[in-house]
>>> print(open('upload.txt').read())   # compact mmCIF, C-alpha atoms and all ligand atoms
# COMPACT_ATOMS: atom_id res chain seq x y z
CA MET A 672 0.00 0.00 0.00
CA ILE A 673 1.27 3.48 -0.86
CA GLU A 674 0.66 6.08 1.84
CA GLN A 675 0.17 9.73 0.88
CA ASN A 676 1.25 12.99 2.53
CA VAL A 677 3.16 11.39 5.37
CA SER A 678 4.87 13.52 8.01
CA LEU A 679 8.49 12.37 8.31
CA ARG A 680 8.88 13.82 11.81
CA PRO A 681 8.66 10.40 13.53
CA TYR A 682 11.07 8.94 10.99
CA ASN A 683 14.12 11.17 11.47
CA THR A 684 16.08 11.52 14.70
CA PHE A 685 16.43 15.29 14.27
CA GLY A 686 12.63 15.35 14.63
CA LEU A 687 12.26 17.61 11.58
CA ASP A 688 8.83 18.08 10.13
CA ALA A 689 9.23 17.40 6.41
CA GLN A 690 6.44 15.80 4.38
CA ALA A 691 6.70 12.87 1.99
CA LYS A 692 4.32 13.00 -0.96
CA LEU A 693 4.29 9.19 -1.05
CA MET A 694 5.65 6.44 1.17
CA ALA A 695 5.97 2.68 0.57
CA ARG A 696 7.05 0.28 3.29
CA VAL A 697 8.76 -2.82 1.92
CA ASN A 698 9.41 -5.97 3.93
CA SER A 699 10.89 -8.23 1.25
CA ILE A 700 12.97 -8.03 -1.92
CA GLN A 701 9.89 -8.96 -3.90
CA ALA A 702 7.81 -6.17 -2.37
CA LEU A 703 10.62 -3.74 -3.14
CA GLN A 704 10.84 -4.93 -6.75
CA GLU A 705 7.07 -4.50 -7.14
CA VAL A 706 7.28 -0.89 -5.94
CA LEU A 707 10.22 -0.19 -8.25
CA ALA A 708 8.36 -1.69 -11.23
CA ASP A 709 5.04 0.07 -10.55
CA SER A 710 4.41 2.19 -13.65
CA ARG A 711 2.43 4.79 -11.65
CA LEU A 712 5.51 5.46 -9.50
CA LYS A 713 8.18 5.34 -12.21
CA SER A 714 8.53 9.10 -12.59
CA GLU A 715 8.67 9.80 -8.84
CA GLU A 716 11.93 10.86 -7.22
CA ARG A 717 12.94 8.13 -4.73
CA PHE A 718 14.36 8.45 -1.27
CA ILE A 719 15.47 5.39 0.71
CA LEU A 720 14.80 5.62 4.42
CA GLY A 721 16.22 3.46 7.19
CA GLY A 722 16.03 4.66 10.79
CA GLY A 723 16.48 8.32 9.77
CA SER A 724 19.42 8.83 12.14
CA ASN A 725 21.87 10.20 9.59
CA ILE A 726 19.74 12.58 7.52
CA LEU A 727 19.02 16.30 7.61
CA LEU A 728 15.75 17.05 5.86
CA THR A 729 15.83 20.63 4.57
CA ARG A 730 12.73 20.27 2.37
CA ASN A 731 9.73 18.07 1.70
CA VAL A 732 10.22 14.88 -0.31
CA ASP A 733 8.18 15.58 -3.43
CA GLY A 734 8.32 11.93 -4.47
CA LEU A 735 8.41 8.42 -3.05
CA VAL A 736 10.02 7.49 0.26
CA ILE A 737 10.86 3.78 0.35
CA LYS A 738 10.99 2.68 3.95
CA ASN A 739 13.09 -0.45 4.17
CA GLU A 740 11.57 -2.87 6.71
CA ILE A 741 13.19 -6.13 5.55
CA ASP A 742 13.57 -8.24 8.70
CA GLY A 743 15.38 -11.38 9.86
CA ILE A 744 18.73 -12.47 11.30
CA GLU A 745 20.22 -15.91 10.48
CA VAL A 746 23.53 -17.77 10.54
CA ILE A 747 24.08 -18.81 6.95
CA ASP A 748 27.46 -20.53 7.32
CA GLU A 749 30.05 -21.48 9.88
CA THR A 750 33.79 -22.30 9.87
CA PRO A 751 35.87 -23.49 12.85
CA SER A 752 36.62 -19.84 13.66
CA HIS A 753 33.70 -17.77 12.35
CA PHE A 754 29.96 -17.44 11.86
CA LEU A 755 28.49 -15.76 8.80
CA VAL A 756 25.51 -13.81 10.10
CA LYS A 757 23.05 -12.41 7.57
CA SER A 758 20.70 -9.63 8.61
CA GLY A 759 17.81 -7.99 6.81
CA ALA A 760 18.37 -4.30 6.05
CA GLY A 761 15.38 -3.26 8.18
CA VAL A 762 16.71 -4.81 11.40
CA VAL A 763 17.64 -2.19 14.00
CA TRP A 764 21.46 -2.17 14.16
CA HIS A 765 21.64 -2.31 17.96
CA GLU A 766 19.24 -5.27 18.01
CA LEU A 767 21.62 -7.11 15.69
CA VAL A 768 24.50 -6.24 18.05
CA MET A 769 22.52 -7.52 21.05
CA HIS A 770 21.58 -10.71 19.19
CA CYS A 771 25.24 -11.37 18.32
CA ILE A 772 26.43 -10.71 21.85
CA ALA A 773 23.77 -13.03 23.29
CA ASN A 774 25.01 -15.78 20.96
CA ASN A 775 28.71 -14.97 21.51
CA TYR A 776 29.37 -13.89 17.90
CA ALA A 777 32.23 -11.44 18.44
CA GLY A 778 33.32 -8.35 16.53
CA ILE A 779 30.60 -5.69 16.71
CA GLU A 780 30.43 -5.10 20.47
CA ASN A 781 32.24 -1.73 20.09
CA LEU A 782 29.49 -0.67 17.70
CA SER A 783 26.80 -0.96 20.40
CA LEU A 784 24.02 1.61 20.58
CA ILE A 785 24.63 3.19 17.17
CA PRO A 786 21.13 4.19 16.05
CA GLY A 787 19.66 3.25 12.70
CA ASN A 788 19.16 0.12 10.68
CA VAL A 789 21.46 -2.56 9.30
CA GLY A 790 20.85 -1.48 5.69
CA ALA A 791 22.41 1.93 6.24
CA ALA A 792 25.46 0.61 8.11
CA PRO A 793 27.50 0.08 4.91
CA MET A 794 26.52 3.49 3.55
CA GLN A 795 29.06 5.29 5.71
CA ASN A 796 30.94 2.23 6.98
CA ILE A 797 29.70 2.96 10.50
CA GLY A 798 32.41 3.14 13.10
CA ALA A 799 33.02 3.77 16.76
CA TYR A 800 35.68 3.01 19.36
CA GLY A 801 38.26 1.77 16.89
CA VAL A 802 35.99 -0.65 15.00
CA GLU A 803 34.36 -0.08 11.62
CA LEU A 804 31.78 -2.15 9.79
CA LYS A 805 34.40 -3.05 7.17
CA ASP A 806 36.38 -4.98 9.83
CA VAL A 807 33.62 -7.60 10.06
CA PHE A 808 31.91 -7.15 6.71
CA HIS A 809 31.49 -10.21 4.45
CA SER A 810 29.06 -9.14 1.71
CA LEU A 811 25.75 -7.46 1.02
CA LYS A 812 22.84 -7.76 -1.33
CA ALA A 813 21.29 -4.73 -2.99
CA VAL A 814 18.60 -4.11 -5.57
CA ASP A 815 19.34 -1.89 -8.55
CA MET A 816 16.59 0.75 -8.54
CA ALA A 817 16.65 1.12 -12.32
CA SER A 818 16.33 -2.56 -13.28
CA GLY A 819 15.08 -4.22 -10.07
CA SER A 820 17.83 -6.84 -10.30
CA VAL A 821 19.60 -8.17 -7.20
CA HIS A 822 23.38 -7.71 -6.95
CA SER A 823 25.97 -9.01 -4.49
CA PHE A 824 28.74 -6.72 -3.26
CA SER A 825 31.99 -7.87 -1.67
CA SER A 826 34.01 -5.66 0.65
CA SER A 827 36.20 -4.41 -2.21
CA ASP A 828 33.08 -3.65 -4.32
CA CYS A 829 31.87 -1.42 -1.48
CA ASP A 830 35.12 0.59 -1.49
CA PHE A 831 34.83 1.38 2.21
CA GLY A 832 36.69 4.38 3.62
CA TYR A 833 36.44 6.57 6.70
CA ARG A 834 32.63 7.09 6.97
CA GLU A 835 32.50 6.41 3.24
CA SER A 836 31.50 3.76 0.72
CA VAL A 837 30.71 3.46 -2.96
CA PHE A 838 27.01 3.93 -2.05
CA LYS A 839 27.71 7.47 -0.82
CA ARG A 840 29.77 8.34 -3.90
CA LYS A 841 29.80 6.57 -7.28
CA LEU A 842 26.58 4.58 -6.79
CA LYS A 843 24.74 7.25 -4.79
CA GLY A 844 20.98 6.78 -5.03
CA GLN A 845 21.24 3.77 -7.33
CA PHE A 846 20.90 0.74 -5.01
CA VAL A 847 18.70 -0.30 -2.14
CA ILE A 848 20.65 -2.48 0.28
CA THR A 849 18.43 -5.40 1.29
CA SER A 850 20.71 -7.51 3.52
CA VAL A 851 24.18 -7.43 5.03
CA THR A 852 26.29 -10.47 5.96
CA LEU A 853 28.93 -10.17 8.68
CA LYS A 854 31.84 -12.49 9.48
CA LEU A 855 31.92 -12.72 13.25
CA SER A 856 34.46 -14.50 15.37
CA LYS A 857 34.00 -17.49 17.66
CA ASN A 858 37.14 -16.41 19.54
CA PRO A 859 36.57 -12.95 20.99
CA ASN A 860 39.51 -10.60 20.76
CA VAL A 861 38.19 -7.57 22.59
CA ASN A 862 39.41 -4.09 21.65
CA THR A 863 39.30 -1.80 24.66
CA SER A 864 42.14 0.57 23.81
CA TYR A 865 40.00 3.29 22.28
CA GLY A 866 38.53 6.38 23.89
CA ALA A 867 37.20 5.91 27.40
CA ILE A 868 36.47 2.14 27.28
CA GLU A 869 39.31 1.12 29.60
CA GLN A 870 38.42 3.80 32.15
CA GLU A 871 34.79 2.73 32.07
CA LEU A 872 35.73 -0.95 32.53
CA GLU A 873 37.88 0.05 35.50
CA ALA A 874 34.93 1.92 36.97
CA MET A 875 32.87 -1.24 36.40
CA ARG A 876 35.69 -3.19 38.19
CA ILE A 877 36.22 -5.50 35.24
CA SER A 878 39.74 -6.55 34.23
CA SER A 879 39.20 -9.34 31.63
CA PRO A 880 36.05 -8.22 29.87
CA THR A 881 33.70 -10.39 27.86
CA ILE A 882 32.17 -8.97 24.68
CA LYS A 883 29.01 -8.32 26.69
CA GLU A 884 30.95 -6.26 29.21
CA VAL A 885 32.73 -4.27 26.48
CA SER A 886 29.32 -3.60 24.94
CA GLN A 887 27.99 -2.44 28.32
CA ALA A 888 30.99 -0.14 28.79
CA VAL A 889 30.36 1.41 25.37
CA ILE A 890 26.65 1.79 26.16
CA ASN A 891 27.46 3.49 29.49
CA ILE A 892 29.85 5.97 27.86
CA ARG A 893 27.49 6.75 25.01
CA GLN A 894 24.53 7.26 27.34
CA SER A 895 26.57 9.64 29.49
CA LYS A 896 27.83 11.77 26.58
CA LEU A 897 25.37 11.68 23.71
CA PRO A 898 21.92 13.22 23.67
CA ASP A 899 19.16 10.64 23.26
CA PRO A 900 17.30 11.58 20.06
CA LYS A 901 14.02 10.69 21.80
CA GLU A 902 14.68 13.60 24.17
CA LEU A 903 16.72 15.98 22.01
CA GLY A 904 16.69 15.73 18.22
CA ASN A 905 20.11 15.08 16.69
CA SER A 906 21.87 12.87 14.18
CA GLY A 907 25.07 12.09 16.06
CA SER A 908 28.29 13.59 14.74
CA PHE A 909 27.27 16.22 12.21
CA PHE A 910 30.79 16.50 10.72
CA LYS A 911 33.52 14.01 9.92
CA ASN A 912 36.86 14.26 11.64
CA PRO A 913 39.09 16.02 9.10
CA VAL A 914 42.13 14.15 7.85
CA VAL A 915 44.98 16.56 7.01
CA PRO A 916 48.59 16.19 5.85
CA THR A 917 50.80 15.60 8.89
CA SER A 918 52.78 18.74 7.97
CA LYS A 919 49.54 20.75 8.42
CA TYR A 920 48.99 19.07 11.78
CA GLU A 921 52.55 19.96 12.90
CA GLU A 922 51.95 23.56 11.85
CA LEU A 923 48.68 23.67 13.84
CA LYS A 924 50.37 22.04 16.82
CA SER A 925 53.01 24.76 16.95
CA GLN A 926 50.18 27.31 17.34
CA HIS A 927 47.81 25.13 19.43
CA PRO A 928 49.96 22.73 21.51
CA ASN A 929 46.93 20.81 22.87
CA ILE A 930 45.39 19.98 19.50
CA PRO A 931 44.56 16.26 19.35
CA GLY A 932 45.82 14.36 16.31
CA TYR A 933 45.70 10.64 15.46
CA PRO A 934 47.80 8.91 12.79
CA ALA A 935 45.77 8.12 9.64
CA GLY A 936 48.21 6.47 7.24
CA GLU A 937 50.61 9.19 6.13
CA ASN A 938 48.14 11.85 7.28
CA THR A 939 46.75 12.92 10.63
CA LYS A 940 43.14 12.81 11.75
CA LEU A 941 42.00 15.82 13.78
CA ALA A 942 39.07 15.79 16.21
CA ALA A 943 36.34 17.96 14.66
CA GLY A 944 34.66 18.29 18.07
CA TRP A 945 37.81 19.88 19.52
CA LEU A 946 38.13 22.36 16.64
CA ILE A 947 34.48 23.38 16.99
CA GLU A 948 34.82 23.76 20.75
CA GLN A 949 37.89 26.00 20.37
CA CYS A 950 35.81 28.26 18.11
CA GLY A 951 33.39 28.77 20.98
CA TRP A 952 30.44 26.76 19.66
CA LYS A 953 30.21 24.05 22.30
CA GLY A 954 26.92 24.39 24.18
CA LYS A 955 25.97 27.52 22.20
CA VAL A 956 22.25 27.88 21.46
CA VAL A 957 21.35 29.60 18.17
CA GLY A 958 17.59 30.06 17.83
CA ASN A 959 16.04 26.59 17.88
CA THR A 960 19.30 24.78 17.35
CA GLY A 961 22.85 24.62 18.65
CA SER A 962 25.96 22.59 19.36
CA HIS A 963 25.53 20.13 22.22
CA ALA A 964 27.03 21.05 25.60
CA LYS A 965 28.71 17.64 26.10
CA GLN A 966 29.85 16.99 22.52
CA ALA A 967 30.36 19.96 20.20
CA LEU A 968 30.24 17.72 17.13
CA VAL A 969 26.56 16.99 17.71
CA LEU A 970 24.11 19.62 16.47
CA VAL A 971 20.70 19.50 18.13
CA ASN A 972 17.12 20.53 17.54
CA TYR A 973 15.71 22.21 20.65
CA GLY A 974 12.18 21.51 19.43
CA ASN A 975 11.11 23.71 16.58
CA ALA A 976 14.18 23.91 14.37
CA THR A 977 13.91 23.52 10.64
CA GLY A 978 16.40 21.59 8.55
CA VAL A 979 17.43 24.86 6.90
CA GLU A 980 18.22 26.43 10.30
CA ILE A 981 20.43 23.47 11.23
CA PHE A 982 22.09 23.58 7.83
CA GLU A 983 22.79 27.31 8.25
CA LEU A 984 24.31 26.73 11.68
CA SER A 985 26.53 24.04 10.17
CA GLU A 986 27.68 26.57 7.52
CA GLN A 987 28.62 29.09 10.23
CA ILE A 988 30.53 26.46 12.18
CA MET A 989 32.40 25.33 9.06
CA GLN A 990 33.32 28.93 8.26
CA SER A 991 34.63 29.70 11.75
CA VAL A 992 36.69 26.47 11.89
CA TYR A 993 38.13 27.37 8.50
CA ASP A 994 38.88 30.96 9.55
CA THR A 995 40.56 29.83 12.79
CA PHE A 996 42.45 26.71 11.70
CA GLY A 997 42.41 26.73 7.89
CA VAL A 998 40.71 23.32 8.04
CA GLN A 999 37.65 22.55 5.91
CA LEU A 1000 35.06 20.47 7.77
CA GLU A 1001 32.89 18.08 5.79
CA ARG A 1002 29.37 17.08 6.78
CA GLU A 1003 28.88 13.44 7.72
CA VAL A 1004 25.10 13.72 7.77
CA ASN A 1005 23.26 13.20 4.47
CA VAL A 1006 21.60 16.51 3.60
CA TYR A 1007 18.39 16.26 1.63
P1 LIG B 1101 19.15 6.78 7.49
O1 LIG B 1101 19.39 8.03 8.25
O2 LIG B 1101 17.75 6.34 7.33
O3 LIG B 1101 19.82 6.90 6.06
C1 LIG B 1101 21.15 7.36 5.93
C2 LIG B 1101 21.51 7.34 4.44
O4 LIG B 1101 21.54 6.01 3.96
C3 LIG B 1101 20.48 8.08 3.57
O5 LIG B 1101 21.19 8.67 2.50
C4 LIG B 1101 19.57 6.96 3.06
O6 LIG B 1101 18.98 7.27 1.82
C5 LIG B 1101 20.56 5.81 2.91
N1 LIG B 1101 19.99 4.48 3.18
C6 LIG B 1101 19.37 4.07 4.32
N2 LIG B 1101 19.03 2.77 4.22
C7 LIG B 1101 19.44 2.35 2.99
C8 LIG B 1101 19.38 1.10 2.29
N3 LIG B 1101 18.82 0.02 2.84
N4 LIG B 1101 19.89 1.04 1.04
C9 LIG B 1101 20.46 2.13 0.46
N5 LIG B 1101 20.54 3.33 1.07
C10 LIG B 1101 20.04 3.44 2.32
N6 LIG B 1101 27.31 6.68 13.02
C11 LIG B 1101 28.49 6.05 13.14
O7 LIG B 1101 29.10 5.66 12.13
N7 LIG B 1101 29.06 5.83 14.35
C12 LIG B 1101 28.47 6.22 15.50
O8 LIG B 1101 29.00 5.98 16.58
C13 LIG B 1101 27.22 6.90 15.41
N8 LIG B 1101 26.60 7.35 16.52
C14 LIG B 1101 25.42 8.03 16.42
C15 LIG B 1101 24.80 8.48 17.60
C16 LIG B 1101 23.58 9.15 17.53
C17 LIG B 1101 22.93 9.63 18.80
C18 LIG B 1101 22.95 9.33 16.28
C19 LIG B 1101 21.61 9.99 16.20
C20 LIG B 1101 23.57 8.89 15.12
C21 LIG B 1101 24.81 8.25 15.17
N9 LIG B 1101 25.47 7.78 14.02
C22 LIG B 1101 26.67 7.11 14.13
C23 LIG B 1101 24.90 8.03 12.69
C24 LIG B 1101 23.86 6.96 12.27
O9 LIG B 1101 23.35 6.29 13.38
C25 LIG B 1101 24.46 5.92 11.31
O10 LIG B 1101 25.00 6.54 10.18
C26 LIG B 1101 23.42 4.88 10.87
O11 LIG B 1101 24.05 3.86 10.14
C27 LIG B 1101 22.29 5.48 10.03
O12 LIG B 1101 21.31 4.49 9.87
P2 LIG B 1101 19.81 4.83 9.49
O13 LIG B 1101 19.11 3.54 9.23
O14 LIG B 1101 19.21 5.70 10.50
O15 LIG B 1101 20.04 5.61 8.12
P1 LIG B 1102 36.08 10.74 21.94
O1 LIG B 1102 36.35 9.43 22.59
O2 LIG B 1102 35.81 11.95 22.79
O3 LIG B 1102 37.24 11.09 20.92
C1 LIG B 1102 37.19 12.27 20.11
C2 LIG B 1102 37.64 11.91 18.70
O4 LIG B 1102 38.98 11.45 18.77
C3 LIG B 1102 36.81 10.81 18.14
O5 LIG B 1102 36.03 11.37 17.13
C4 LIG B 1102 37.77 9.75 17.65
O6 LIG B 1102 37.77 9.58 16.23
C5 LIG B 1102 39.14 10.28 18.02
N1 LIG B 1102 39.84 9.26 18.83
C6 LIG B 1102 39.71 9.02 20.16
N2 LIG B 1102 40.56 8.05 20.55
C7 LIG B 1102 41.22 7.66 19.44
C8 LIG B 1102 42.22 6.69 19.19
N3 LIG B 1102 42.72 5.93 20.16
N4 LIG B 1102 42.65 6.54 17.92
C9 LIG B 1102 42.15 7.29 16.92
N5 LIG B 1102 41.20 8.22 17.10
C10 LIG B 1102 40.75 8.42 18.35
O7 LIG B 1102 34.86 10.58 20.94
P2 LIG B 1102 33.31 10.49 21.19
O8 LIG B 1102 32.67 11.65 20.57
O9 LIG B 1102 33.01 10.18 22.62
O10 LIG B 1102 32.94 9.21 20.29
C11 LIG B 1102 33.40 7.93 20.65
C12 LIG B 1102 33.33 7.02 19.44
O11 LIG B 1102 31.98 6.93 18.98
C13 LIG B 1102 34.15 7.57 18.26
O12 LIG B 1102 34.75 6.48 17.60
C14 LIG B 1102 33.12 8.22 17.37
O13 LIG B 1102 33.44 8.16 16.00
C15 LIG B 1102 31.87 7.41 17.66
N6 LIG B 1102 30.68 8.25 17.51
C16 LIG B 1102 30.25 8.51 16.24
C17 LIG B 1102 29.12 9.29 16.03
C18 LIG B 1102 28.62 9.53 14.64
O14 LIG B 1102 27.52 10.01 14.48
N7 LIG B 1102 29.38 9.22 13.63
C19 LIG B 1102 28.42 9.80 17.12
C20 LIG B 1102 28.90 9.54 18.39
C21 LIG B 1102 30.02 8.76 18.58
P3 LIG B 1102 36.75 8.64 15.38
O15 LIG B 1102 35.47 9.37 15.37
O16 LIG B 1102 37.39 8.61 14.05
O17 LIG B 1102 36.68 7.33 16.04
>>> encode(input="upload.txt", output="structure tokens")
Amino acid sequence: MIEQNVSLRPYNTFGLDAQAKLMARVNSIQALQEVLADSRLKSEERFILGGGSNILLTRNVDGLVIKNEIDGIEVIDETPSHFLVKSGAGVVWHELVMHCIANNYAGIENLSLIPGNVGAAPMQNIGAYGVELKDVFHSLKAVDMASGSVHSFSSSDCDFGYRESVFKRKLKGQFVITSVTLKLSKNPNVNTSYGAIEQELEAMRISSPTIKEVSQAVINIRQSKLPDPKELGNSGSFFKNPVVPTSKYEELKSQHPNIPGYPAGENTKLAAGWLIEQCGWKGKVVGNTGSHAKQALVLVNYGNATGVEIFELSEQIMQSVYDTFGVQLEREVNVY
């Protein structure tokens, strides 16, 4: 069934009130193919929606929103060391993480509590606490929106990068991801070296953590730092951390001795949140929006913001970071 004039407010974590002219919910590849082949819908612009936690809606969708609700988690193969776990694109990412932890499939515990659905995880190669989707990725299936045919993508086909993939670049808007298969370990090798995980485990009085305990540590940190979109609209980190030549980092360090920098191949990754904070934006309220008081990288909707207002704030922040540090920030959020 195609719904008409649907408010997208409940379907985006910024809580922005854009309208969709049409919306189709699909719960199988076949249902998706039927929608794509429907001659009445052929001329409509299409927008694929998962959990709406990485989009900034600056206008109404004058076309068809396809809400991917393809469900199901199954182990499709097993080796002495790994499980291949296939998940429907419409499964909530954190529910997949919880399912894997309950069954002792290791590898995605550091990615606990990332909002959104499985189908969007490859889009920006989701990452947190030193783990990225690509580290456990096996393959995915996606439907070509033009022909309706089903394609398989390997890791190299996806061309994963830092919060990047082929689906955000070369194949933007061309494929609907319908399932993702992960290669998860039977022999947990926990990674606690990143950010505040070790401190949190210490506070929890845990010295040899299980994957469940690492997950809990990540959940605790995230809940203490990040605004819950149910209470305060946001889409997580609004900007990517900029990666600059190490010579640029050294130059900045001579002027700002405390500037954080992390090796990224031959380059250096800066912390966008730190740059924004230094420019005085952290906790600043601008009309109905602002930069969050506990994490400057997160822009928030205080209730009645429009997508345009949030976009304009992001422009001002980018300009002031550029003026102060000569560093160009790039948005991580998908602006529509
Ligand atoms: P949506 O917002 O619905 O869509 C995002 C993009 O993907 C859109 O362009 C959409 O068209 C496209 N898309 C969605 N589903 C499909 C599909 N099946 N096929 C093809 N295209 C599709 N991200 C991180 O990487 N790490 C984090 O730690 C993290 N923390 C966050 C914390 C908070 C509080 C919030 C609100 C967000 C955070 N994010 C983080 C961002 C976000 O959760 C992820 O990018 C997530 O993967 C988005 O999933 P979604 O289903 O909500 O995607
Ligand atoms: P944090 O721990 O305060 O660290 C600030 C930044 O420094 C992070 O962005 C992180 O980069 C980088 N960093 C920290 N330790 C590092 C290390 N050992 N090696 C390399 N880089 C390091 O960050 P936070 O804001 O609380 O976030 C914690 C994790 O959750 C981060 O991985 C972050 O990406 C992720 N997160 C993502 C989103 C999103 O929407 N994308 C939202 C919230 C949290 P990286 O971001 O590159 O990891």
>>> closest_atom_pairs(input="upload.txt", of="chain A", to="ligand LIG 1102 (chain B)", cutoff="9 Å", atoms="all atoms listed in the file", output="JSON lines")
{"residue": "A:Ser724", "atom": "CA", "partner": "B:LIG1102", "partner_atom": "O14", "distance": 8.5}
{"residue": "A:Asn725", "atom": "CA", "partner": "B:LIG1102", "partner_atom": "O14", "distance": 7.5}
{"residue": "A:Asn781", "atom": "CA", "partner": "B:LIG1102", "partner_atom": "O11", "distance": 8.7}
{"residue": "A:Leu782", "atom": "CA", "partner": "B:LIG1102", "partner_atom": "O11", "distance": 8.1}
{"residue": "A:Ile785", "atom": "CA", "partner": "B:LIG1102", "partner_atom": "C19", "distance": 7.6}
{"residue": "A:Pro786", "atom": "CA", "partner": "B:LIG1102", "partner_atom": "O14", "distance": 8.8}
{"residue": "A:Gln795", "atom": "CA", "partner": "B:LIG1102", "partner_atom": "N7", "distance": 8.8}
{"residue": "A:Ile797", "atom": "CA", "partner": "B:LIG1102", "partner_atom": "N7", "distance": 7.0}
{"residue": "A:Gly798", "atom": "CA", "partner": "B:LIG1102", "partner_atom": "O13", "distance": 5.9}
{"residue": "A:Ala799", "atom": "CA", "partner": "B:LIG1102", "partner_atom": "O12", "distance": 3.3}
{"residue": "A:Tyr800", "atom": "CA", "partner": "B:LIG1102", "partner_atom": "O12", "distance": 4.0}
{"residue": "A:Gly801", "atom": "CA", "partner": "B:LIG1102", "partner_atom": "O17", "distance": 5.8}
{"residue": "A:Val802", "atom": "CA", "partner": "B:LIG1102", "partner_atom": "O12", "distance": 7.7}
{"residue": "A:Glu803", "atom": "CA", "partner": "B:LIG1102", "partner_atom": "O12", "distance": 8.9}
{"residue": "A:Tyr833", "atom": "CA", "partner": "B:LIG1102", "partner_atom": "O16", "distance": 7.7}
{"residue": "A:Arg834", "atom": "CA", "partner": "B:LIG1102", "partner_atom": "N7", "distance": 7.7}
{"residue": "A:Ser864", "atom": "CA", "partner": "B:LIG1102", "partner_atom": "N3", "distance": 6.5}
{"residue": "A:Tyr865", "atom": "CA", "partner": "B:LIG1102", "partner_atom": "N3", "distance": 4.3}
{"residue": "A:Gly866", "atom": "CA", "partner": "B:LIG1102", "partner_atom": "O1", "distance": 4.0}
{"residue": "A:Ala867", "atom": "CA", "partner": "B:LIG1102", "partner_atom": "O1", "distance": 6.0}
{"residue": "A:Ile868", "atom": "CA", "partner": "B:LIG1102", "partner_atom": "O1", "distance": 8.7}
{"residue": "A:Val889", "atom": "CA", "partner": "B:LIG1102", "partner_atom": "O11", "distance": 8.6}
{"residue": "A:Ile892", "atom": "CA", "partner": "B:LIG1102", "partner_atom": "O9", "distance": 7.4}
{"residue": "A:Arg893", "atom": "CA", "partner": "B:LIG1102", "partner_atom": "O9", "distance": 6.9}
{"residue": "A:Lys896", "atom": "CA", "partner": "B:LIG1102", "partner_atom": "O9", "distance": 6.7}
{"residue": "A:Leu897", "atom": "CA", "partner": "B:LIG1102", "partner_atom": "C20", "distance": 6.7}
{"residue": "A:Ser906", "atom": "CA", "partner": "B:LIG1102", "partner_atom": "O14", "distance": 6.3}
{"residue": "A:Gly907", "atom": "CA", "partner": "B:LIG1102", "partner_atom": "O14", "distance": 3.6}
{"residue": "A:Ser908", "atom": "CA", "partner": "B:LIG1102", "partner_atom": "O14", "distance": 3.7}
{"residue": "A:Phe909", "atom": "CA", "partner": "B:LIG1102", "partner_atom": "O14", "distance": 6.6}
{"residue": "A:Phe910", "atom": "CA", "partner": "B:LIG1102", "partner_atom": "N7", "distance": 8.0}
{"residue": "A:Lys911", "atom": "CA", "partner": "B:LIG1102", "partner_atom": "N7", "distance": 7.3}
{"residue": "A:Asn912", "atom": "CA", "partner": "B:LIG1102", "partner_atom": "O16", "distance": 6.2}
{"residue": "A:Pro931", "atom": "CA", "partner": "B:LIG1102", "partner_atom": "O4", "distance": 7.4}
{"residue": "A:Gly932", "atom": "CA", "partner": "B:LIG1102", "partner_atom": "N5", "distance": 7.7}
{"residue": "A:Tyr933", "atom": "CA", "partner": "B:LIG1102", "partner_atom": "C9", "distance": 5.1}
{"residue": "A:Pro934", "atom": "CA", "partner": "B:LIG1102", "partner_atom": "C9", "distance": 7.2}
{"residue": "A:Ala935", "atom": "CA", "partner": "B:LIG1102", "partner_atom": "C9", "distance": 8.2}
{"residue": "A:Lys940", "atom": "CA", "partner": "B:LIG1102", "partner_atom": "N5", "distance": 7.3}
{"residue": "A:Leu941", "atom": "CA", "partner": "B:LIG1102", "partner_atom": "O4", "distance": 7.3}
{"residue": "A:Ala942", "atom": "CA", "partner": "B:LIG1102", "partner_atom": "C2", "distance": 4.8}
{"residue": "A:Ala943", "atom": "CA", "partner": "B:LIG1102", "partner_atom": "O5", "distance": 7.0}
{"residue": "A:Gly944", "atom": "CA", "partner": "B:LIG1102", "partner_atom": "C1", "distance": 6.8}
{"residue": "A:Trp945", "atom": "CA", "partner": "B:LIG1102", "partner_atom": "C1", "distance": 7.7}
{"residue": "A:Gln966", "atom": "CA", "partner": "B:LIG1102", "partner_atom": "O8", "distance": 6.3}
{"residue": "A:Ala967", "atom": "CA", "partner": "B:LIG1102", "partner_atom": "O8", "distance": 8.6}
{"residue": "A:Leu968", "atom": "CA", "partner": "B:LIG1102", "partner_atom": "O8", "distance": 7.4}
{"residue": "A:Val969", "atom": "CA", "partner": "B:LIG1102", "partner_atom": "C19", "distance": 7.5}
{"residue": "A:Glu1003", "atom": "CA", "partner": "B:LIG1102", "partner_atom": "N7", "distance": 7.3}
{"residue": "A:Val1004", "atom": "CA", "partner": "B:LIG1102", "partner_atom": "O14", "distance": 8.0}
>>> residues_around(input="upload.txt", residues="Glu780 in chain A", least_positions_apart="5", cutoff="8 Å", atoms="all atoms listed in the file", output="list in words")
Val768, Ile772, Ile882, Lys883, Val885 and Ser886 of chain A
>>> residues_around(input="upload.txt", residues="Gly904 in chain A", least_positions_apart="2", cutoff="10 Å", atoms="all atoms listed in the file", output="list of chain:residue names")
A:Asn683, A:Thr684, A:Phe685, A:Gly686, A:Leu687, A:Ser724, A:Pro898, A:Asp899, A:Pro900, A:Lys901, A:Glu902, A:Ser906, A:Gly907, A:Thr960, A:Val969, A:Leu970, A:Val971, A:Asn972, A:Tyr973, A:Gly974, A:Asn975, A:Ala976
>>> closest_residue(input="upload.txt", among="A:Leu853, A:Val821, A:Ala773, A:Met672", to="Ile700 in chain A", atoms="all atoms listed in the file")
A:Val821
